[in-house]
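Okay, protein.pdb now, which holds PDB, C-alpha atoms:
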```pdb
ATOM      1  CA  VAL A  69       7.005-246.554 165.352  1.00  0.00           C
ATOM      2  CA  GLN A  70       7.261-249.721 163.266  1.00  0.00           C
ATOM      3  CA  LEU A  71      10.378-249.857 161.167  1.00  0.00           C
ATOM      4  CA  GLN A  72      10.761-252.014 158.093  1.00  0.00           C
ATOM      5  CA  ALA A  73      14.111-252.142 156.312  1.00  0.00           C
ATOM      6  CA  SER A  74      14.369-253.304 152.722  1.00  0.00           C
ATOM      7  CA  GLY A  75      16.565-253.113 149.653  1.00  0.00           C
ATOM      8  CA  GLY A  76      19.288-255.547 150.582  1.00  0.00           C
ATOM      9  CA  GLY A  77      20.638-258.095 148.161  1.00  0.00           C
ATOM     10  CA  LEU A  78      23.671-259.466 146.386  1.00  0.00           C
ATOM     11  CA  VAL A  79      25.922-257.035 144.561  1.00  0.00           C
ATOM     12  CA  GLN A  80      29.430-257.147 143.121  1.00  0.00           C
ATOM     13  CA  ALA A  81      32.205-255.131 144.656  1.00  0.00           C
ATOM     14  CA  GLY A  82      32.137-251.613 143.272  1.00  0.00           C
ATOM     15  CA  GLY A  83      28.392-251.705 142.809  1.00  0.00           C
ATOM     16  CA  SER A  84      25.595-249.802 144.508  1.00  0.00           C
ATOM     17  CA  LEU A  85      22.487-250.490 146.530  1.00  0.00           C
ATOM     18  CA  ARG A  86      19.889-248.284 148.144  1.00  0.00           C
ATOM     19  CA  LEU A  87      18.346-249.381 151.395  1.00  0.00           C
ATOM     20  CA  SER A  88      15.016-248.057 152.599  1.00  0.00           C
ATOM     21  CA  CYS A  89      13.549-247.910 156.071  1.00  0.00           C
ATOM     22  CA  THR A  90       9.843-247.185 156.277  1.00  0.00           C
ATOM     23  CA  ASP A  91       7.961-246.349 159.438  1.00  0.00           C
ATOM     24  CA  SER A  92       4.621-248.031 158.962  1.00  0.00           C
ATOM     25  CA  GLY A  93       3.464-246.576 162.254  1.00  0.00           C
ATOM     26  CA  ARG A  94       3.892-243.120 160.710  1.00  0.00           C
ATOM     27  CA  THR A  95       4.842-241.618 164.068  1.00  0.00           C
ATOM     28  CA  GLY A  96       8.582-241.163 163.760  1.00  0.00           C
ATOM     29  CA  ASN A  97       8.896-238.142 161.501  1.00  0.00           C
ATOM     30  CA  THR A  98      10.350-236.091 164.338  1.00  0.00           C
ATOM     31  CA  TYR A  99      12.870-238.737 165.355  1.00  0.00           C
ATOM     32  CA  ALA A 100      16.500-238.954 164.423  1.00  0.00           C
ATOM     33  CA  MET A 101      17.237-242.109 162.466  1.00  0.00           C
ATOM     34  CA  GLY A 102      20.285-244.300 162.258  1.00  0.00           C
ATOM     35  CA  TRP A 103      21.675-247.170 160.249  1.00  0.00           C
ATOM     36  CA  PHE A 104      23.739-249.885 161.852  1.00  0.00           C
ATOM     37  CA  ARG A 105      25.168-253.114 160.508  1.00  0.00           C
ATOM     38  CA  GLN A 106      26.334-256.439 161.821  1.00  0.00           C
ATOM     39  CA  ALA A 107      28.768-258.562 159.866  1.00  0.00           C
ATOM     40  CA  PRO A 108      29.037-262.305 160.481  1.00  0.00           C
ATOM     41  CA  GLY A 109      30.886-262.984 163.706  1.00  0.00           C
ATOM     42  CA  LYS A 110      31.163-259.301 164.587  1.00  0.00           C
ATOM     43  CA  GLU A 111      29.370-256.868 166.832  1.00  0.00           C
ATOM     44  CA  ARG A 112      26.828-254.458 165.462  1.00  0.00           C
ATOM     45  CA  GLU A 113      28.361-251.138 164.447  1.00  0.00           C
ATOM     46  CA  PHE A 114      27.180-247.669 163.565  1.00  0.00           C
ATOM     47  CA  VAL A 115      26.985-246.727 159.898  1.00  0.00           C
ATOM     48  CA  ALA A 116      25.142-243.413 159.530  1.00  0.00           C
ATOM     49  CA  ALA A 117      22.578-241.161 161.177  1.00  0.00           C
ATOM     50  CA  ILE A 118      20.335-238.269 160.211  1.00  0.00           C
ATOM     51  CA  ASN A 119      18.405-235.804 162.300  1.00  0.00           C
ATOM     52  CA  TRP A 120      14.648-235.318 162.017  1.00  0.00           C
ATOM     53  CA  SER A 121      14.829-232.609 159.360  1.00  0.00           C
ATOM     54  CA  GLY A 122      17.615-234.139 157.322  1.00  0.00           C
ATOM     55  CA  ALA A 123      19.852-231.141 157.862  1.00  0.00           C
ATOM     56  CA  LEU A 124      22.425-233.049 159.921  1.00  0.00           C
ATOM     57  CA  THR A 125      24.086-236.286 158.921  1.00  0.00           C
ATOM     58  CA  TYR A 126      26.808-238.405 160.504  1.00  0.00           C
ATOM     59  CA  TYR A 127      28.860-241.266 159.128  1.00  0.00           C
ATOM     60  CA  ALA A 128      31.263-243.889 160.314  1.00  0.00           C
ATOM     61  CA  ASP A 129      34.736-243.324 158.908  1.00  0.00           C
ATOM     62  CA  SER A 130      34.554-246.635 157.070  1.00  0.00           C
ATOM     63  CA  VAL A 131      31.671-245.457 154.868  1.00  0.00           C
ATOM     64  CA  LYS A 132      32.310-241.725 154.625  1.00  0.00           C
ATOM     65  CA  GLY A 133      32.347-240.600 151.010  1.00  0.00           C
ATOM     66  CA  ARG A 134      30.664-243.798 149.799  1.00  0.00           C
ATOM     67  CA  PHE A 135      27.348-243.897 151.669  1.00  0.00           C
ATOM     68  CA  THR A 136      24.687-241.206 151.875  1.00  0.00           C
ATOM     69  CA  VAL A 137      21.799-241.115 154.339  1.00  0.00           C
ATOM     70  CA  SER A 138      18.666-239.137 153.514  1.00  0.00           C
ATOM     71  CA  ARG A 139      15.019-239.046 154.455  1.00  0.00           C
ATOM     72  CA  ASP A 140      11.623-238.206 153.028  1.00  0.00           C
ATOM     73  CA  ASN A 141       9.344-237.383 155.930  1.00  0.00           C
ATOM     74  CA  ALA A 142       6.308-237.178 153.668  1.00  0.00           C
ATOM     75  CA  GLU A 143       6.901-240.836 152.838  1.00  0.00           C
ATOM     76  CA  ASN A 144       8.010-241.769 156.378  1.00  0.00           C
ATOM     77  CA  THR A 145      11.133-243.272 154.850  1.00  0.00           C
ATOM     78  CA  VAL A 146      14.856-243.040 155.446  1.00  0.00           C
ATOM     79  CA  TYR A 147      17.330-244.118 152.786  1.00  0.00           C
ATOM     80  CA  LEU A 148      20.906-245.324 152.749  1.00  0.00           C
ATOM     81  CA  GLN A 149      22.522-244.988 149.338  1.00  0.00           C
ATOM     82  CA  MET A 150      25.576-247.228 149.247  1.00  0.00           C
ATOM     83  CA  ASN A 151      28.089-246.740 146.438  1.00  0.00           C
ATOM     84  CA  SER A 152      31.484-248.275 145.735  1.00  0.00           C
ATOM     85  CA  LEU A 153      30.569-251.253 147.857  1.00  0.00           C
ATOM     86  CA  LYS A 154      33.339-253.395 149.259  1.00  0.00           C
ATOM     87  CA  PHE A 155      33.397-256.989 150.395  1.00  0.00           C
ATOM     88  CA  GLU A 156      33.732-255.768 153.974  1.00  0.00           C
ATOM     89  CA  ASP A 157      30.382-253.972 153.688  1.00  0.00           C
ATOM     90  CA  THR A 158      28.699-257.376 153.768  1.00  0.00           C
ATOM     91  CA  ALA A 159      26.371-257.388 156.769  1.00  0.00           C
ATOM     92  CA  VAL A 160      22.812-257.279 157.985  1.00  0.00           C
ATOM     93  CA  TYR A 161      21.803-253.628 157.984  1.00  0.00           C
ATOM     94  CA  TYR A 162      19.406-252.299 160.600  1.00  0.00           C
ATOM     95  CA  CYS A 163      17.586-249.015 160.817  1.00  0.00           C
ATOM     96  CA  ALA A 164      16.707-247.483 164.145  1.00  0.00           C
ATOM     97  CA  ALA A 165      14.851-244.475 165.517  1.00  0.00           C
ATOM     98  CA  ALA A 166      15.985-242.220 168.340  1.00  0.00           C
ATOM     99  CA  ALA A 167      12.934-240.763 170.068  1.00  0.00           C
ATOM    100  CA  GLY A 168      14.631-239.041 172.953  1.00  0.00           C
ATOM    101  CA  GLY A 169      15.739-235.907 171.155  1.00  0.00           C
ATOM    102  CA  SER A 170      19.302-236.177 172.406  1.00  0.00           C
ATOM    103  CA  SER A 171      22.062-234.847 170.196  1.00  0.00           C
ATOM    104  CA  LEU A 172      24.042-237.990 170.979  1.00  0.00           C
ATOM    105  CA  PHE A 173      22.289-239.986 168.250  1.00  0.00           C
ATOM    106  CA  GLY A 174      25.046-238.957 165.861  1.00  0.00           C
ATOM    107  CA  LYS A 175      27.689-240.552 168.071  1.00  0.00           C
ATOM    108  CA  GLY A 176      26.465-243.955 166.986  1.00  0.00           C
ATOM    109  CA  LEU A 177      25.519-245.070 170.473  1.00  0.00           C
ATOM    110  CA  GLU A 178      22.964-247.868 170.315  1.00  0.00           C
ATOM    111  CA  GLY A 179      21.540-246.827 173.659  1.00  0.00           C
ATOM    112  CA  GLU A 180      20.279-243.599 172.101  1.00  0.00           C
ATOM    113  CA  TYR A 181      17.980-245.562 169.780  1.00  0.00           C
ATOM    114  CA  ASP A 182      14.583-246.716 170.964  1.00  0.00           C
ATOM    115  CA  TYR A 183      13.106-248.570 168.006  1.00  0.00           C
ATOM    116  CA  TRP A 184      14.761-251.052 165.651  1.00  0.00           C
ATOM    117  CA  GLY A 185      13.804-252.622 162.357  1.00  0.00           C
ATOM    118  CA  GLN A 186      14.329-256.271 161.525  1.00  0.00           C
ATOM    119  CA  GLY A 187      17.373-255.876 159.289  1.00  0.00           C
ATOM    120  CA  THR A 188      18.093-256.462 155.628  1.00  0.00           C
ATOM    121  CA  LEU A 189      21.035-258.502 154.337  1.00  0.00           C
ATOM    122  CA  VAL A 190      23.613-256.961 152.032  1.00  0.00           C
ATOM    123  CA  THR A 191      26.107-259.321 150.449  1.00  0.00           C
ATOM    124  CA  VAL A 192      28.996-257.926 148.442  1.00  0.00           C
ATOM    125  CA  SER A 193      30.867-260.401 146.302  1.00  0.00           C
ATOM    126  CA  SER A 194      34.542-259.799 145.689  1.00  0.00           C
TER     127      SER A 194
END
```

Can you give me the file's structure in the form of C-alpha coordinates?
Amino acid sequence: VQLQASGGGLVQAGGSLRLSCTDSGRTGNTYAMGWFRQAPGKEREFVAAINWSGALTYYADSVKGRFTVSRDNAENTVYLQMNSLKFEDTAVYYCAAAAGGSSLFGKGLEGEYDYWGQGTLVTVSS
(Lines of atoms letter the chains of each structure in order from A and count residues from 1; the text may use other names and numbers.)
(Lines give C-alpha, C1' and ligand atoms only; values in the text may rest on other atoms or scores of the structure.)
Protein backbone atom coordinates (compact mmCIF):
# COMPACT_ATOMS: atom_id res chain seq x y z
CA VAL A 1 0.00 0.00 0.00
CA GLN A 2 1.46 3.35 -1.04
CA LEU A 3 -0.87 6.24 -0.39
CA GLN A 4 -0.64 9.57 -2.14
CA ALA A 5 -2.97 12.38 -1.11
CA SER A 6 -3.64 15.31 -3.41
CA GLY A 7 -6.13 18.06 -4.13
CA GLY A 8 -5.31 20.49 -1.37
CA GLY A 9 -5.02 24.20 -1.95
CA LEU A 10 -6.24 27.65 -1.01
CA VAL A 11 -9.97 28.28 -1.00
CA GLN A 12 -12.25 30.97 0.38
CA ALA A 13 -14.61 30.22 3.21
CA GLY A 14 -17.80 28.71 1.85
CA GLY A 15 -15.99 27.12 -1.05
CA SER A 16 -15.32 23.50 -1.93
CA LEU A 17 -12.40 21.19 -2.55
CA ARG A 18 -12.11 17.53 -3.37
CA LEU A 19 -9.19 15.58 -1.99
CA SER A 20 -8.01 12.34 -3.54
CA CYS A 21 -6.00 9.52 -2.06
CA THR A 22 -4.56 7.04 -4.53
CA ASP A 23 -2.98 3.73 -3.62
CA SER A 24 -0.17 3.37 -6.11
CA GLY A 25 0.62 -0.03 -4.66
CA ARG A 26 -2.84 -1.15 -5.80
CA THR A 27 -3.15 -3.54 -2.87
CA GLY A 28 -5.54 -1.75 -0.56
CA ASN A 29 -8.90 -2.24 -2.24
CA THR A 30 -10.09 -4.43 0.61
CA TYR A 31 -8.97 -2.02 3.32
CA ALA A 32 -11.04 0.51 5.16
CA MET A 33 -9.79 4.03 4.55
CA GLY A 34 -9.77 7.12 6.70
CA TRP A 35 -9.10 10.82 6.47
CA PHE A 36 -7.46 12.70 9.29
CA ARG A 37 -6.27 16.27 9.60
CA GLN A 38 -3.82 18.26 11.66
CA ALA A 39 -4.23 21.98 12.12
CA PRO A 40 -1.28 24.17 13.09
CA GLY A 41 -0.44 23.71 16.74
CA LYS A 42 -3.03 20.99 17.23
CA GLU A 43 -3.08 17.23 17.39
CA ARG A 44 -4.14 15.16 14.44
CA GLU A 45 -7.86 14.39 14.45
CA PHE A 46 -10.24 12.06 12.69
CA VAL A 47 -12.31 13.45 9.83
CA ALA A 48 -14.02 10.59 7.99
CA ALA A 49 -13.77 6.89 7.21
CA ILE A 50 -15.20 4.44 4.71
CA ASN A 51 -15.25 0.67 4.66
CA TRP A 52 -13.80 -1.40 1.82
CA SER A 53 -17.01 -1.53 -0.21
CA GLY A 54 -18.08 2.04 0.38
CA ALA A 55 -21.30 0.95 2.03
CA LEU A 56 -20.36 2.32 5.46
CA THR A 57 -19.15 5.82 6.17
CA TYR A 58 -18.31 7.67 9.38
CA TYR A 59 -17.73 11.34 10.06
CA ALA A 60 -16.50 13.58 12.81
CA ASP A 61 -19.28 15.80 14.13
CA SER A 62 -17.39 18.88 12.99
CA VAL A 63 -17.67 17.91 9.31
CA LYS A 64 -20.93 15.97 9.24
CA GLY A 65 -23.24 17.33 6.55
CA ARG A 66 -20.41 19.22 4.82
CA PHE A 67 -17.89 16.52 3.89
CA THR A 68 -18.49 13.31 1.96
CA VAL A 69 -16.10 10.36 1.74
CA SER A 70 -16.32 7.96 -1.19
CA ARG A 71 -14.14 5.50 -3.02
CA ASP A 72 -13.59 4.04 -6.47
CA ASN A 73 -11.90 0.68 -6.02
CA ALA A 74 -11.39 0.29 -9.75
CA GLU A 75 -9.24 3.42 -9.61
CA ASN A 76 -7.70 2.56 -6.21
CA THR A 77 -8.77 6.00 -5.03
CA VAL A 78 -10.63 7.42 -2.06
CA TYR A 79 -12.13 10.89 -2.17
CA LEU A 80 -13.07 13.52 0.37
CA GLN A 81 -15.50 16.08 -1.01
CA MET A 82 -15.40 19.13 1.23
CA ASN A 83 -18.18 21.71 0.90
CA SER A 84 -19.03 24.83 2.87
CA LEU A 85 -15.46 25.06 4.04
CA LYS A 86 -14.70 27.06 7.15
CA PHE A 87 -11.55 28.75 8.34
CA GLU A 88 -11.24 26.09 11.03
CA ASP A 89 -10.99 23.39 8.36
CA THR A 90 -7.50 24.66 7.57
CA ALA A 91 -5.11 21.77 8.13
CA VAL A 92 -2.88 19.18 6.55
CA TYR A 93 -5.14 16.32 5.52
CA TYR A 94 -3.89 12.75 5.63
CA CYS A 95 -5.36 9.58 4.24
CA ALA A 96 -4.76 6.25 5.89
CA ALA A 97 -5.56 2.59 5.32
CA ALA A 98 -6.74 0.11 7.93
CA ALA A 99 -5.60 -3.37 6.94
CA GLY A 100 -6.64 -5.26 10.03
CA GLY A 101 -10.31 -5.68 9.21
CA SER A 102 -11.44 -4.39 12.59
CA SER A 103 -14.75 -2.57 12.77
CA LEU A 104 -13.07 0.01 14.98
CA PHE A 105 -11.72 1.95 12.00
CA GLY A 106 -14.87 4.07 12.08
CA LYS A 107 -14.14 5.18 15.63
CA GLY A 108 -11.35 7.36 14.32
CA LEU A 109 -8.64 5.60 16.28
CA GLU A 110 -5.26 6.18 14.67
CA GLY A 111 -3.99 2.88 16.00
CA GLU A 112 -6.42 1.05 13.72
CA TYR A 113 -4.66 2.45 10.64
CA ASP A 114 -1.56 0.78 9.27
CA TYR A 115 -0.56 2.90 6.29
CA TRP A 116 -0.45 6.69 5.96
CA GLY A 117 -0.06 9.09 3.07
CA GLN A 118 2.12 12.17 3.17
CA GLY A 119 -0.63 14.75 3.62
CA THR A 120 -2.00 17.59 1.53
CA LEU A 121 -2.48 21.14 2.81
CA VAL A 122 -5.89 22.79 2.78
CA THR A 123 -6.00 26.48 3.57
CA VAL A 124 -9.34 28.21 3.99
CA SER A 125 -9.26 31.98 3.96
CA SER A 126 -11.85 33.82 5.99

From A:Ala123, A:Leu172, A:Val160, A:Val190, residue lying nearest A:Glu111 [all atoms listed in the file]: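 Smallest distance to A:Glu111 is found for A:Val160.
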
Atom CA of A:Arg105 to atom CA of A:Gly168: how many Å, to one decimal? 21.5 Å

Go through the shown structure with the PyMOL selection byres ((chain A and resi 75) around 9) and write out the matching residues as a list in words.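 Those residues are Ala73, Ser74, Gly76, Gly77, Leu85, Arg86, Leu87, Ser88, Cys89, Thr188, Leu189 and Val190 of chain A.
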
Residues selected by the PyMOL selection byres ((chain A and resi 127) around 10), written as number ranges by chain: A: 102-103, 114-118, 125-126, 128-137, 174-176

Pick from A:Gln186, A:Ser170, A:Asn151, A:Ser193 nearest to A:Gln70, counting all atoms listed in the file: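 Smallest separation from A:Gln70 among the options: A:Gln186.
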
Between atom CA of A:Gln72 and atom CA of A:Val192, what is the spacing in Å?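 Interatomic distance here is 21.5 Å.
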